[in-house]
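Chemist: Dropping in final_24.cif, with mmCIF, C-alpha atoms.
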data_target
#
loop_
_atom_site.label_atom_id
_atom_site.label_comp_id
_atom_site.auth_asym_id
_atom_site.auth_seq_id
_atom_site.Cartn_x
_atom_site.Cartn_y
_atom_site.Cartn_z
CA MET U 1 13.22 3.24 24.05
CA ILE U 2 10.42 0.73 23.78
CA THR U 3 11.94 -1.36 20.98
CA GLU U 4 15.15 -1.76 23.00
CA ARG U 5 13.09 -3.01 25.92
CA LEU U 6 11.15 -5.44 23.73
CA ARG U 7 14.38 -6.73 22.26
CA LYS U 8 15.78 -7.50 25.74
CA GLU U 9 12.65 -9.42 26.71
CA ALA U 10 13.07 -11.66 23.68
CA ASP U 11 16.80 -12.17 24.15
CA VAL U 12 16.61 -15.90 24.88
CA ILE U 13 14.51 -16.56 21.77
CA TRP U 14 16.76 -14.41 19.61
CA GLY U 15 19.83 -16.21 20.94
CA ARG U 16 18.32 -19.48 19.77
CA ILE U 17 17.63 -17.95 16.36
CA PHE U 18 21.27 -16.86 15.99
CA GLU U 19 22.46 -20.36 16.86
CA HIS U 20 19.82 -22.22 14.91
CA PRO U 21 21.47 -24.86 12.66
CA PHE U 22 19.74 -23.54 9.53
CA VAL U 23 21.09 -20.06 10.19
CA VAL U 24 24.55 -21.26 11.18
CA HIS U 25 25.01 -23.48 8.10
CA LEU U 26 23.55 -20.85 5.82
CA TYR U 27 26.06 -18.25 6.97
CA ARG U 28 28.90 -20.76 7.00
CA GLY U 29 28.03 -21.76 3.45
CA ASP U 30 27.49 -25.50 3.94
CA LEU U 31 23.70 -25.60 4.08
CA PRO U 32 22.33 -28.22 1.67
CA ILE U 33 20.91 -26.33 -1.31
CA GLU U 34 17.63 -28.27 -1.19
CA LYS U 35 16.94 -26.87 2.25
CA PHE U 36 17.64 -23.38 1.01
CA LYS U 37 15.34 -23.82 -2.00
CA PHE U 38 12.54 -24.91 0.25
CA TYR U 39 13.13 -21.93 2.51
CA VAL U 40 13.20 -19.41 -0.36
CA LEU U 41 9.85 -20.55 -1.77
CA GLN U 42 8.27 -20.29 1.67
CA ASP U 43 9.88 -16.99 2.46
CA PHE U 44 8.73 -15.47 -0.82
CA ASN U 45 5.16 -16.28 0.16
CA TYR U 46 5.76 -14.90 3.60
CA LEU U 47 6.96 -11.57 2.17
CA VAL U 48 3.75 -11.26 0.17
CA GLY U 49 1.80 -11.77 3.41
CA LEU U 50 3.95 -9.22 5.19
CA THR U 51 3.30 -6.65 2.47
CA ARG U 52 -0.44 -7.23 2.78
CA ALA U 53 -0.22 -6.72 6.54
CA LEU U 54 1.68 -3.46 5.95
CA SER U 55 -1.10 -2.18 3.73
CA VAL U 56 -3.74 -2.87 6.39
CA ILE U 57 -1.57 -1.17 9.02
CA ALA U 58 -1.09 1.86 6.75
CA SER U 59 -4.85 2.20 6.27
CA LYS U 60 -5.22 2.71 10.01
CA ALA U 61 -2.68 5.49 10.38
CA GLU U 62 -3.15 9.16 9.64
CA TYR U 63 -1.23 10.96 6.95
CA PRO U 64 1.81 11.52 6.99
CA ILE U 65 2.60 8.40 9.07
CA MET U 66 0.38 6.50 6.71
CA ALA U 67 2.61 7.53 3.81
CA GLU U 68 5.72 6.46 5.73
CA ILE U 69 4.30 2.99 6.28
CA ILE U 70 3.38 2.66 2.62
CA GLU U 71 6.87 3.76 1.76
CA LEU U 72 8.16 0.82 3.83
CA ALA U 73 5.87 -1.52 1.89
CA ARG U 74 7.08 -0.09 -1.39
CA GLU U 75 10.73 -0.50 -0.42
CA GLU U 76 10.09 -3.99 0.82
CA ILE U 77 8.63 -4.93 -2.56
CA THR U 78 11.16 -3.10 -4.67
CA THR U 79 14.33 -4.06 -2.75
CA GLU U 80 13.86 -7.32 -0.93
CA MET U 81 11.33 -8.93 -3.24
CA LYS U 82 13.15 -7.89 -6.40
CA ASN U 83 16.25 -9.62 -5.03
CA TYR U 84 14.11 -12.65 -4.51
CA GLU U 85 12.94 -12.73 -8.09
CA GLU U 86 16.55 -12.94 -9.27
CA LEU U 87 17.33 -15.49 -6.61
CA LEU U 88 14.41 -17.67 -7.71
CA ASN U 89 15.79 -17.73 -11.24
CA ARG U 90 19.24 -18.70 -10.03
CA LEU U 91 17.72 -21.54 -8.08
CA GLY U 92 15.89 -22.74 -11.18
CA PHE U 93 12.43 -21.49 -10.23
CA THR U 94 10.04 -19.10 -11.93
CA LEU U 95 7.94 -16.49 -10.19
CA GLU U 96 4.90 -18.68 -10.85
CA ASP U 97 6.54 -21.55 -8.96
CA ALA U 98 6.88 -19.29 -5.95
CA ILE U 99 3.33 -17.93 -6.19
CA LYS U 100 1.93 -21.45 -6.53
CA THR U 101 3.84 -22.77 -3.52
CA GLU U 102 1.53 -23.74 -0.71
CA PRO U 103 2.56 -22.16 2.58
CA THR U 104 3.37 -24.54 5.41
CA LEU U 105 1.30 -24.47 8.56
CA VAL U 106 3.94 -22.43 10.40
CA ASN U 107 4.10 -19.96 7.54
CA SER U 108 0.31 -19.64 7.29
CA ALA U 109 -0.02 -19.17 11.00
CA TYR U 110 2.71 -16.52 10.99
CA MET U 111 1.08 -14.60 8.13
CA ASP U 112 -2.33 -14.87 9.81
CA PHE U 113 -0.84 -13.59 13.06
CA MET U 114 0.53 -10.51 11.28
CA LEU U 115 -2.68 -9.88 9.41
CA SER U 116 -4.97 -10.38 12.41
CA THR U 117 -2.79 -8.11 14.55
CA ALA U 118 -2.95 -5.53 11.76
CA TYR U 119 -6.76 -5.72 11.59
CA ARG U 120 -7.40 -5.94 15.33
CA GLY U 121 -4.85 -3.58 16.81
CA ASN U 122 -3.77 -0.02 16.18
CA TRP U 123 -1.04 0.70 13.67
CA VAL U 124 1.78 0.64 16.24
CA GLU U 125 0.75 -2.84 17.38
CA GLY U 126 0.52 -3.89 13.75
CA LEU U 127 4.09 -2.76 13.12
CA THR U 128 5.27 -4.45 16.32
CA ALA U 129 4.17 -7.80 14.87
CA LEU U 130 6.45 -7.25 11.86
CA LEU U 131 9.40 -5.89 13.81
CA PRO U 132 11.01 -9.21 14.86
CA CYS U 133 11.19 -10.25 11.22
CA PHE U 134 12.79 -7.05 9.92
CA TRP U 135 15.07 -6.59 12.88
CA SER U 136 16.25 -10.13 13.54
CA TYR U 137 17.45 -10.51 9.93
CA ALA U 138 19.74 -7.53 10.47
CA GLU U 139 21.02 -8.89 13.79
CA ILE U 140 21.54 -12.38 12.39
CA ALA U 141 23.70 -10.91 9.62
CA GLU U 142 25.69 -8.87 12.13
CA TYR U 143 26.14 -11.85 14.45
CA HIS U 144 27.49 -14.04 11.64
CA LYS U 145 29.46 -11.34 9.87
CA ASP U 146 32.80 -13.13 10.32
CA ALA U 147 31.44 -16.47 9.14
CA LEU U 148 30.04 -14.74 6.08
CA GLU U 149 33.48 -13.51 5.05
CA ASN U 150 34.65 -17.11 4.68
CA ASN U 151 31.41 -18.28 3.10
CA LYS U 152 32.30 -19.94 -0.23
CA ASN U 153 28.73 -20.23 -1.45
CA GLU U 154 28.07 -17.24 -3.67
CA ILE U 155 24.28 -17.59 -3.60
CA TYR U 156 24.18 -17.62 0.20
CA ARG U 157 26.69 -14.81 0.49
CA GLU U 158 24.78 -12.52 -1.83
CA TRP U 159 21.51 -13.37 -0.15
CA ALA U 160 22.93 -12.48 3.27
CA GLN U 161 24.67 -9.28 2.21
CA VAL U 162 21.30 -7.59 1.61
CA TYR U 163 20.76 -7.66 5.38
CA LEU U 164 24.02 -5.82 6.01
CA SER U 165 23.29 -3.12 3.43
CA ASP U 166 22.66 0.49 4.41
CA GLU U 167 19.30 0.36 2.65
CA TYR U 168 18.10 -2.55 4.71
CA LEU U 169 19.48 -1.21 7.99
CA GLY U 170 17.80 2.11 7.23
CA LEU U 171 14.49 0.32 6.82
CA VAL U 172 14.85 -1.34 10.23
CA LYS U 173 15.84 1.96 11.79
CA ARG U 174 12.78 3.76 10.42
CA LEU U 175 10.48 0.99 11.53
CA ARG U 176 11.89 1.12 15.05
CA LYS U 177 11.62 4.88 15.13
CA LEU U 178 7.94 4.79 14.15
CA ILE U 179 7.27 2.46 17.08
CA ASP U 180 9.56 4.27 19.55
CA ASP U 181 7.98 7.63 18.78
CA ASN U 182 4.44 6.34 19.24
CA PRO U 183 4.54 3.76 22.04
CA GLY U 184 1.27 2.17 23.07
CA ASP U 185 0.25 -0.24 25.79
CA TYR U 186 3.47 -2.03 26.74
CA GLU U 187 1.98 -5.32 27.81
CA ARG U 188 0.13 -5.78 24.54
CA MET U 189 3.18 -4.80 22.55
CA ARG U 190 5.35 -7.21 24.53
CA ARG U 191 3.05 -10.12 23.78
CA ILE U 192 2.95 -9.27 20.11
CA PHE U 193 6.72 -8.92 19.90
CA MET U 194 7.32 -12.20 21.75
CA THR U 195 4.87 -14.06 19.51
CA GLY U 196 6.53 -12.60 16.42
CA SER U 197 9.95 -13.64 17.74
CA LYS U 198 8.72 -17.18 18.41
CA PHE U 199 7.33 -17.37 14.90
CA GLU U 200 10.73 -16.35 13.55
CA LEU U 201 12.36 -19.23 15.43
CA ALA U 202 9.59 -21.61 14.33
CA PHE U 203 10.09 -20.52 10.73
CA TRP U 204 13.81 -21.40 10.80
CA GLU U 205 12.98 -24.72 12.44
CA MET U 206 10.36 -25.44 9.79
CA ALA U 207 12.90 -24.61 7.06
CA TRP U 208 15.51 -26.89 8.67
CA ARG U 209 13.04 -29.73 8.89
CA GLY U 210 11.86 -29.13 5.35
CA GLY U 211 8.19 -29.03 6.24
CA ASP U 212 5.54 -29.09 8.93
CA VAL U 213 5.24 -31.74 11.59
CA PHE U 214 3.03 -33.71 9.21
CA MET W 1 -15.44 -4.17 -22.38
CA PHE W 2 -16.64 -3.84 -18.83
CA SER W 3 -15.27 -0.31 -18.46
CA GLU W 4 -17.21 0.82 -21.53
CA GLU W 5 -20.44 -0.63 -20.15
CA LEU W 6 -19.87 1.20 -16.88
CA LEU W 7 -19.25 4.52 -18.58
CA ARG W 8 -22.28 4.08 -20.82
CA GLU W 9 -24.58 3.38 -17.90
CA ALA W 10 -23.30 6.38 -15.96
CA ARG W 11 -23.23 8.74 -18.95
CA SER W 12 -26.09 10.97 -17.77
CA ILE W 13 -24.38 11.55 -14.42
CA TRP W 14 -20.99 12.16 -16.03
CA ASN W 15 -22.57 14.64 -18.44
CA GLU W 16 -23.52 16.74 -15.46
CA PHE W 17 -19.91 17.21 -14.40
CA LEU W 18 -18.31 17.17 -17.84
CA PRO W 19 -18.29 20.08 -17.55
CA HIS W 20 -19.45 21.18 -14.13
CA ASP W 21 -19.90 24.89 -13.52
CA PHE W 22 -16.77 24.75 -11.32
CA LEU W 23 -14.72 23.40 -14.23
CA VAL W 24 -16.13 25.94 -16.69
CA LYS W 25 -15.17 28.78 -14.37
CA MET W 26 -11.77 27.20 -13.82
CA ALA W 27 -11.14 27.01 -17.57
CA GLU W 28 -12.30 30.60 -18.10
CA ASN W 29 -10.38 32.00 -15.13
CA ARG W 30 -13.61 33.15 -13.47
CA LEU W 31 -13.38 30.98 -10.39
CA PRO W 32 -13.30 33.05 -7.20
CA GLN W 33 -10.36 32.14 -4.99
CA GLU W 34 -12.75 31.48 -2.16
CA ASN W 35 -14.32 28.64 -4.16
CA PHE W 36 -10.96 27.23 -5.08
CA ALA W 37 -9.92 27.34 -1.43
CA ARG W 38 -13.02 25.43 -0.36
CA TRP W 39 -12.38 22.83 -3.01
CA LEU W 40 -8.68 22.59 -2.08
CA VAL W 41 -9.32 21.97 1.61
CA ASN W 42 -11.86 19.28 0.82
CA ASP W 43 -9.83 17.64 -1.87
CA TYR W 44 -6.80 17.52 0.41
CA TYR W 45 -8.96 15.71 2.94
CA PHE W 46 -10.23 13.45 0.19
CA VAL W 47 -6.79 12.48 -1.12
CA LYS W 48 -5.45 11.78 2.38
CA ASN W 49 -8.31 9.37 2.96
CA ALA W 50 -8.23 7.94 -0.54
CA LEU W 51 -4.76 6.67 0.39
CA ARG W 52 -6.33 4.63 3.16
CA PHE W 53 -8.99 3.40 0.79
CA MET W 54 -6.24 2.24 -1.56
CA ALA W 55 -4.30 0.61 1.25
CA LEU W 56 -7.38 -1.39 2.28
CA LEU W 57 -7.87 -2.39 -1.32
CA MET W 58 -4.23 -3.41 -1.57
CA ALA W 59 -4.69 -5.83 1.32
CA LYS W 60 -7.30 -7.66 -0.80
CA ALA W 61 -5.44 -7.42 -4.10
CA PRO W 62 -4.11 -10.43 -6.00
CA ASP W 63 -0.38 -11.02 -5.42
CA ASP W 64 0.68 -9.66 -8.79
CA LEU W 65 -0.96 -6.29 -8.10
CA LEU W 66 0.74 -5.60 -4.76
CA GLN W 67 3.64 -3.74 -6.30
CA PHE W 68 1.33 -1.70 -8.49
CA PHE W 69 -0.64 -0.62 -5.42
CA ALA W 70 2.41 0.17 -3.30
CA GLU W 71 3.74 2.39 -6.07
CA SER W 72 0.37 4.02 -6.76
CA ILE W 73 -0.19 4.91 -3.14
CA TYR W 74 3.30 6.29 -2.87
CA TYR W 75 2.86 8.36 -6.02
CA ILE W 76 -0.49 9.74 -4.92
CA SER W 77 0.82 10.55 -1.44
CA LYS W 78 3.40 12.79 -3.14
CA GLU W 79 0.53 14.81 -4.66
CA LEU W 80 -0.27 16.07 -1.21
CA GLU W 81 2.91 18.16 -1.36
CA MET W 82 1.36 20.08 -4.24
CA PHE W 83 -1.72 20.84 -2.13
CA LYS W 84 0.44 22.04 0.73
CA SER W 85 2.59 24.34 -1.35
CA LYS W 86 -0.41 25.84 -3.18
CA ALA W 87 -2.22 26.37 0.11
CA SER W 88 0.72 28.19 1.64
CA GLU W 89 1.16 30.27 -1.51
CA LEU W 90 -2.48 31.39 -1.32
CA GLY W 91 -2.50 31.69 2.46
CA ILE W 92 -5.15 29.00 2.86
CA SER W 93 -5.25 26.75 5.92
CA LEU W 94 -5.74 23.12 4.96
CA LYS W 95 -7.29 22.52 8.35
CA GLY W 96 -10.49 24.25 7.24
CA GLU W 97 -13.93 22.76 7.73
CA ILE W 98 -14.74 19.62 5.79
CA ASP W 99 -17.94 19.53 3.81
CA TRP W 100 -20.41 16.72 4.59
CA ARG W 101 -20.31 15.63 0.94
CA ALA W 102 -16.57 15.00 1.13
CA LYS W 103 -17.03 13.05 4.36
CA ALA W 104 -19.84 10.96 2.89
CA TYR W 105 -17.78 10.20 -0.21
CA VAL W 106 -14.73 9.13 1.80
CA ASN W 107 -16.82 6.98 4.11
CA TYR W 108 -18.46 5.32 1.15
CA LEU W 109 -15.09 4.43 -0.37
CA LEU W 110 -13.74 3.07 2.91
CA ASN W 111 -16.92 1.07 3.30
CA VAL W 112 -16.60 -0.46 -0.17
CA ALA W 113 -12.93 -1.34 0.34
CA SER W 114 -13.58 -2.89 3.76
CA LEU W 115 -16.82 -4.76 3.28
CA ARG W 116 -17.18 -5.51 -0.39
CA SER W 117 -15.30 -7.55 -2.95
CA PHE W 118 -12.01 -6.56 -4.55
CA LEU W 119 -13.79 -6.13 -7.89
CA GLU W 120 -16.23 -3.65 -6.36
CA GLY W 121 -13.44 -1.81 -4.61
CA PHE W 122 -11.35 -1.64 -7.73
CA THR W 123 -14.34 -0.42 -9.73
CA ALA W 124 -14.75 2.44 -7.27
CA PHE W 125 -11.05 3.23 -7.61
CA TYR W 126 -11.22 3.26 -11.41
CA CYS W 127 -14.32 5.45 -11.40
CA GLU W 128 -12.76 8.02 -9.12
CA GLU W 129 -9.49 8.27 -11.08
CA LYS W 130 -11.15 8.22 -14.49
CA ALA W 131 -13.65 10.93 -13.52
CA TYR W 132 -10.82 13.06 -12.23
CA TYR W 133 -8.77 12.67 -15.39
CA GLU W 134 -11.73 13.47 -17.64
CA ALA W 135 -12.69 16.52 -15.59
CA TRP W 136 -9.23 18.08 -15.63
CA SER W 137 -8.67 17.15 -19.27
CA TRP W 138 -11.86 19.02 -20.10
CA VAL W 139 -10.49 22.09 -18.34
CA LYS W 140 -7.14 21.78 -20.08
CA SER W 141 -8.68 21.57 -23.53
CA HIS W 142 -10.96 24.57 -22.92
CA GLN W 143 -8.41 26.95 -21.44
CA LYS W 144 -7.72 30.20 -23.21
CA ASP W 145 -5.26 31.69 -20.77
CA LYS W 146 -2.91 30.38 -18.16
CA SER W 147 -4.67 29.69 -14.86
CA PRO W 148 -3.44 30.63 -11.39
CA TYR W 149 -4.02 26.95 -10.65
CA GLN W 150 -2.17 25.69 -13.71
CA GLU W 151 -0.13 23.05 -11.87
CA PHE W 152 -3.33 21.31 -10.77
CA ILE W 153 -4.76 21.38 -14.29
CA ASP W 154 -1.52 20.13 -15.85
CA HIS W 155 -0.96 17.43 -13.29
CA TRP W 156 -4.29 15.66 -13.66
CA SER W 157 -4.61 16.09 -17.41
CA SER W 158 -1.07 14.92 -18.10
CA GLU W 159 -0.24 12.12 -20.48
CA GLU W 160 1.33 10.28 -17.59
CA PHE W 161 -1.86 10.38 -15.56
CA GLY W 162 -3.82 9.38 -18.67
CA GLU W 163 -1.61 6.31 -19.06
CA TYR W 164 -2.14 5.45 -15.42
CA VAL W 165 -5.93 5.58 -15.86
CA LYS W 166 -5.63 3.33 -18.92
CA ARG W 167 -3.64 0.88 -16.86
CA LEU W 168 -6.41 0.85 -14.25
CA GLU W 169 -8.92 0.29 -17.03
CA SER W 170 -7.09 -2.74 -18.39
CA ILE W 171 -6.69 -4.23 -14.91
CA LEU W 172 -10.41 -3.72 -14.29
CA ASN W 173 -11.44 -5.29 -17.58
CA LYS W 174 -9.26 -8.31 -16.98
CA LEU W 175 -10.65 -8.68 -13.46
CA ALA W 176 -14.22 -8.41 -14.71
CA GLU W 177 -13.66 -11.30 -17.13
CA GLU W 178 -12.84 -13.49 -14.16
CA HIS W 179 -16.10 -12.63 -12.39
CA GLY W 180 -19.72 -13.73 -12.85
CA GLU W 181 -22.78 -11.63 -13.64
CA LEU W 182 -23.91 -11.19 -10.05
CA GLU W 183 -20.54 -9.82 -8.98
CA LYS W 184 -20.39 -7.55 -11.99
CA ARG W 185 -23.88 -6.24 -11.27
CA ARG W 186 -22.79 -5.23 -7.80
CA ALA W 187 -19.74 -3.51 -9.25
CA ARG W 188 -21.99 -1.58 -11.65
CA GLU W 189 -23.97 -0.27 -8.70
CA VAL W 190 -20.75 0.89 -7.09
CA PHE W 191 -19.74 2.68 -10.27
CA LEU W 192 -23.01 4.62 -10.36
CA GLU W 193 -22.74 5.51 -6.71
CA VAL W 194 -19.18 6.78 -7.04
CA SER W 195 -20.18 8.74 -10.15
CA LYS W 196 -22.82 10.55 -8.10
CA PHE W 197 -20.29 11.33 -5.41
CA GLU W 198 -17.94 12.75 -8.04
CA LEU W 199 -20.70 15.07 -9.17
CA LEU W 200 -21.48 16.11 -5.60
CA PHE W 201 -17.83 16.77 -4.96
CA TRP W 202 -17.59 19.41 -7.67
CA ASP W 203 -20.60 21.09 -6.09
CA ILE W 204 -18.47 21.73 -3.01
CA GLY W 205 -16.32 24.15 -4.95
CA GLY W 206 -19.31 25.58 -6.77
CA GLU W 207 -22.15 27.66 -5.44
CA LEU W 208 -23.47 26.66 -2.07
CA GLU W 209 -26.64 25.09 -3.35
CA TRP W 210 -27.65 21.62 -2.37
CA ARG W 211 -28.35 19.20 -5.11
CA ARG W 212 -31.34 16.99 -4.55
#
Translate the structure of the given file into structure tokens.

Modeler:
Amino acid sequence: MITERLRKEADVIWGRIFEHPFVVHLYRGDLPIEKFKFYVLQDFNYLVGLTRALSVIASKAEYPIMAEIIELAREEITTEMKNYEELLNRLGFTLEDAIKTEPTLVNSAYMDFMLSTAYRGNWVEGLTALLPCFWSYAEIAEYHKDALENNKNEIYREWAQVYLSDEYLGLVKRLRKLIDDNPGDYERMRRIFMTGSKFELAFWEMAWRGGDVF
Amino acid sequence: MFSEELLREARSIWNEFLPHDFLVKMAENRLPQENFARWLVNDYYFVKNALRFMALLMAKAPDDLLQFFAESIYYISKELEMFKSKASELGISLKGEIDWRAKAYVNYLLNVASLRSFLEGFTAFYCEEKAYYEAWSWVKSHQKDKSPYQEFIDHWSSEEFGEYVKRLESILNKLAEEHGELEKRRAREVFLEVSKFELLFWDIGGELEWRR
């Protein structure tokens, strides 16, 4: 299976994601809340960008695959982003605060990478750019499952549990299946997947640092 | 209201399809199945591609409309099931030949969504949905007997679909307020163009005459 192969190629990067201090402290429950707030505002913006990329990708596929991709976008908005709206309120933000937040350079570059891959490539390549995001969140949650059980921070625990839910895992599974059933040029897909994986790591690093290099 | 201006300017075109001969025959149960079949095959093709048009538009939409688009596209993609079941009931293959008018219409919509502004794209979207609702509502209100194609008539003249079109209208009017005259003028041109395509589309299911 092509996604399995891609995953192996990115193993070193993914290992660093699992052990990244932001991720570790988040799952352990002792991440400073200010860092988490910063992350949530950025991630909300990122999810909007991801949804846009999904719509471009869908426009390139034929029905019924097209409808499947749109279904992913719809679920992404209704499940993950709805959770975020509640989370924003709990953190003392409004939806407007999130919309007004300026994306960091890493975030902008990541969103542009997804969108340009969606516009330039075929739909399978477009989905491959989004795969590290969807998939790594599920693997991170699995990797830190034990830590999560002892996590005393309710906000963090609830946030993380989404990525262990059947709904979310089903989403990842369907995304992988779409790619596995329609593999394209491996070398191009590998590059896209590696870049996406690196952006994931860069995103956590950016969140840990609380901003860009500037 | 911007939507009212658009409809006023396109009135003469809309009068030609409200009602079109195809719709009159549909309402009076005089439409030969062969004509319905031709329309069905082409409309199936149209809807499939209209989903792509909407997806391209969604990519350009303001943040607060993304959910609306994702749900709309999903909802409209479910309509294709209705085409499939009707086609199999009537023994029609949906892989039939596609009329040049349907192809031209689809290409025009994809062109607008790709190359022109969101306002222009959304205007095209509103025009297409509104024209559809008005056409099927005309049929519904002029029916004497139940039609063999009743589910199509009921679906696109339903209150639910009417509400959806109203929602599009209010989004469009709000958008238009945020745009200048030049941009609105371009959107008006799009509305007229899409209106003409709507008219041409009904011709596909009508007699095989070419409109000049």

Chemist: For atom CA of U:His25 and atom CA of U:Met194, quote the distance in Å rounded to one decimal.

Modeler: 25.0 Å

Chemist: Using only C-alpha atoms, select each residue of chain U with any atom at most 9 Å away from an atom of chain W, and give the selection as a PyMOL selection string.

Modeler: chain U and resi 48+51-64+66-68+70-71+73-75+77-78+99

Chemist: Which of these residues is nearest to W:Trp156, using all atoms listed in the file: W:Glu128, W:Glu97, W:Glu134, W:Glu16?

Modeler: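 Of the candidates, the smallest distance to W:Trp156 is held by W:Glu134.
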
Chemist: Could you name the residues that touch U:Arg188 at 12 Å or less, counting only C-alpha atoms, but leaving out those on the same chain fewer than 4 positions away, as number ranges by chain?

Modeler: U: 6, 117, 120-122, 124-126, 128-129, 183-184, 192-195

Chemist: Evaluate the PyMOL selection byres ((chain U and resi 27-38) around 10) and record the selected residues as a PyMOL selection string, following the chain and residue labels used in the document.

Modeler: chain U and resi 21-26+39-43+87-88+91-93+101+140-141+143-157+159-160+206-211

Chemist: List the residues matched by the PyMOL selection byres ((chain W and resi 38) around 10) in the displayed structure as a ChimeraX atom specification, ordered by chain and then by residue number.

Modeler: /W:33-37,39-43,92,94,96-99,204-206

Chemist: Let me see the file: selected residues, C-alpha atoms, as a compact mmCIF listing (two decimals), in the coordinates of the input.

Modeler:
# COMPACT_ATOMS: atom_id res chain seq x y z
CA GLN W 33 -10.36 32.14 -4.99
CA GLU W 34 -12.75 31.48 -2.16
CA ASN W 35 -14.32 28.64 -4.16
CA PHE W 36 -10.96 27.23 -5.08
CA ALA W 37 -9.92 27.34 -1.43
CA TRP W 39 -12.38 22.83 -3.01
CA LEU W 40 -8.68 22.59 -2.08
CA VAL W 41 -9.32 21.97 1.61
CA ASN W 42 -11.86 19.28 0.82
CA ASP W 43 -9.83 17.64 -1.87
CA ILE W 92 -5.15 29.00 2.86
CA LEU W 94 -5.74 23.12 4.96
CA GLY W 96 -10.49 24.25 7.24
CA GLU W 97 -13.93 22.76 7.73
CA ILE W 98 -14.74 19.62 5.79
CA ASP W 99 -17.94 19.53 3.81
CA ILE W 204 -18.47 21.73 -3.01
CA GLY W 205 -16.32 24.15 -4.95
CA GLY W 206 -19.31 25.58 -6.77

Chemist: How far is it from atom CA of U:Met111 to atom CA of U:Val162, in Å with one decimal?

Modeler: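 About the pair atom CA of U:Met111 and atom CA of U:Val162: they are 22.4 Å apart.
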
Chemist: Using the chain letters and numbers from the file, which residues does the PyMOL selection byres ((chain W and resi 162) around 12) grab, as a CSV table (one decimal) with C-alpha atoms, in the frame of the given file?

Modeler:
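So the final result, stored in part.csv, reads:
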chain,number,residue,atom,x,y,z
W,129,GLU,CA,-9.5,8.3,-11.1
W,130,LYS,CA,-11.2,8.2,-14.5
W,131,ALA,CA,-13.6,10.9,-13.5
W,132,TYR,CA,-10.8,13.1,-12.2
W,133,TYR,CA,-8.8,12.7,-15.4
W,134,GLU,CA,-11.7,13.5,-17.6
W,135,ALA,CA,-12.7,16.5,-15.6
W,136,TRP,CA,-9.2,18.1,-15.6
W,137,SER,CA,-8.7,17.2,-19.3
W,154,ASP,CA,-1.5,20.1,-15.8
W,155,HIS,CA,-1.0,17.4,-13.3
W,156,TRP,CA,-4.3,15.7,-13.7
W,157,SER,CA,-4.6,16.1,-17.4
W,158,SER,CA,-1.1,14.9,-18.1
W,159,GLU,CA,-0.2,12.1,-20.5
W,160,GLU,CA,1.3,10.3,-17.6
W,161,PHE,CA,-1.9,10.4,-15.6
W,163,GLU,CA,-1.6,6.3,-19.1
W,164,TYR,CA,-2.1,5.4,-15.4
W,165,VAL,CA,-5.9,5.6,-15.9
W,166,LYS,CA,-5.6,3.3,-18.9
W,167,ARG,CA,-3.6,0.9,-16.9
W,168,LEU,CA,-6.4,0.8,-14.2
W,169,GLU,CA,-8.9,0.3,-17.0

Chemist: Report as a PDB file with C-alpha atoms, in the coordinates of the input all protein, DNA and RNA residues lying within 9 Å of U:Tyr137, evaluated on all atoms listed in the file, omitting residues in the same chain fewer than 5 positions from it.

Modeler:
ATOM      1  CA  PRO U 132      11.010  -9.210  14.860  1.00  0.00           C
ATOM      2  CA  GLU U 142      25.690  -8.870  12.130  1.00  0.00           C
ATOM      3  CA  ALA U 160      22.930 -12.480   3.270  1.00  0.00           C
ATOM      4  CA  TYR U 163      20.760  -7.660   5.380  1.00  0.00           C
ATOM      5  CA  LEU U 164      24.020  -5.820   6.010  1.00  0.00           C
TER       6      LEU U 164
END

Chemist: Could you check how far atom CA of W:Glu183 sits from atom CA of U:Leu115, in Å to one decimal?

Modeler: 25.6 Å

Chemist: How big is the axis-aligned box, and where does its centre sit, when it encloses all atoms of stretch 197-211 of chain U listed in the file and has 3 Å added on every side, reported in Å to one decimal as lines of an AutoDock Vina configuration file?

Modeler:
center_x = 11.4
center_y = -21.7
center_z = 11.9
size_x = 14.2
size_y = 22.1
size_z = 19.1

Chemist: Do you know which residues are at most 12 Å from U:Ser136 counting only C-alpha atoms, after dropping those on the same chain fewer than 6 positions away, and could you put them as a list in words?

Modeler: Arg7, Ala10, Asp11, Ile13, Trp14, Gly15, Arg16, Ile17, Phe18, Val23, Leu130, Glu142, Tyr143, Tyr163, Leu164, Tyr168, Leu169, Val172, Phe193, Gly196, Ser197, Lys198, Phe199, Glu200, Leu201 and Trp204 of chain U

Chemist: At a cut-off of 10 Å, using all atoms listed in the file, what residues contact W:Lys184? Leave out same-chain residues fewer than 6 positions from it and give the result as a count of residues only.

Modeler: 9

Chemist: When you count all atoms listed in the file, which of these residues is closest to U:Leu171: U:Asn107, U:Thr94, U:Thr3, U:Thr79?

Modeler: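 Looking at the shortest contact to U:Leu171, the residue is U:Thr79.
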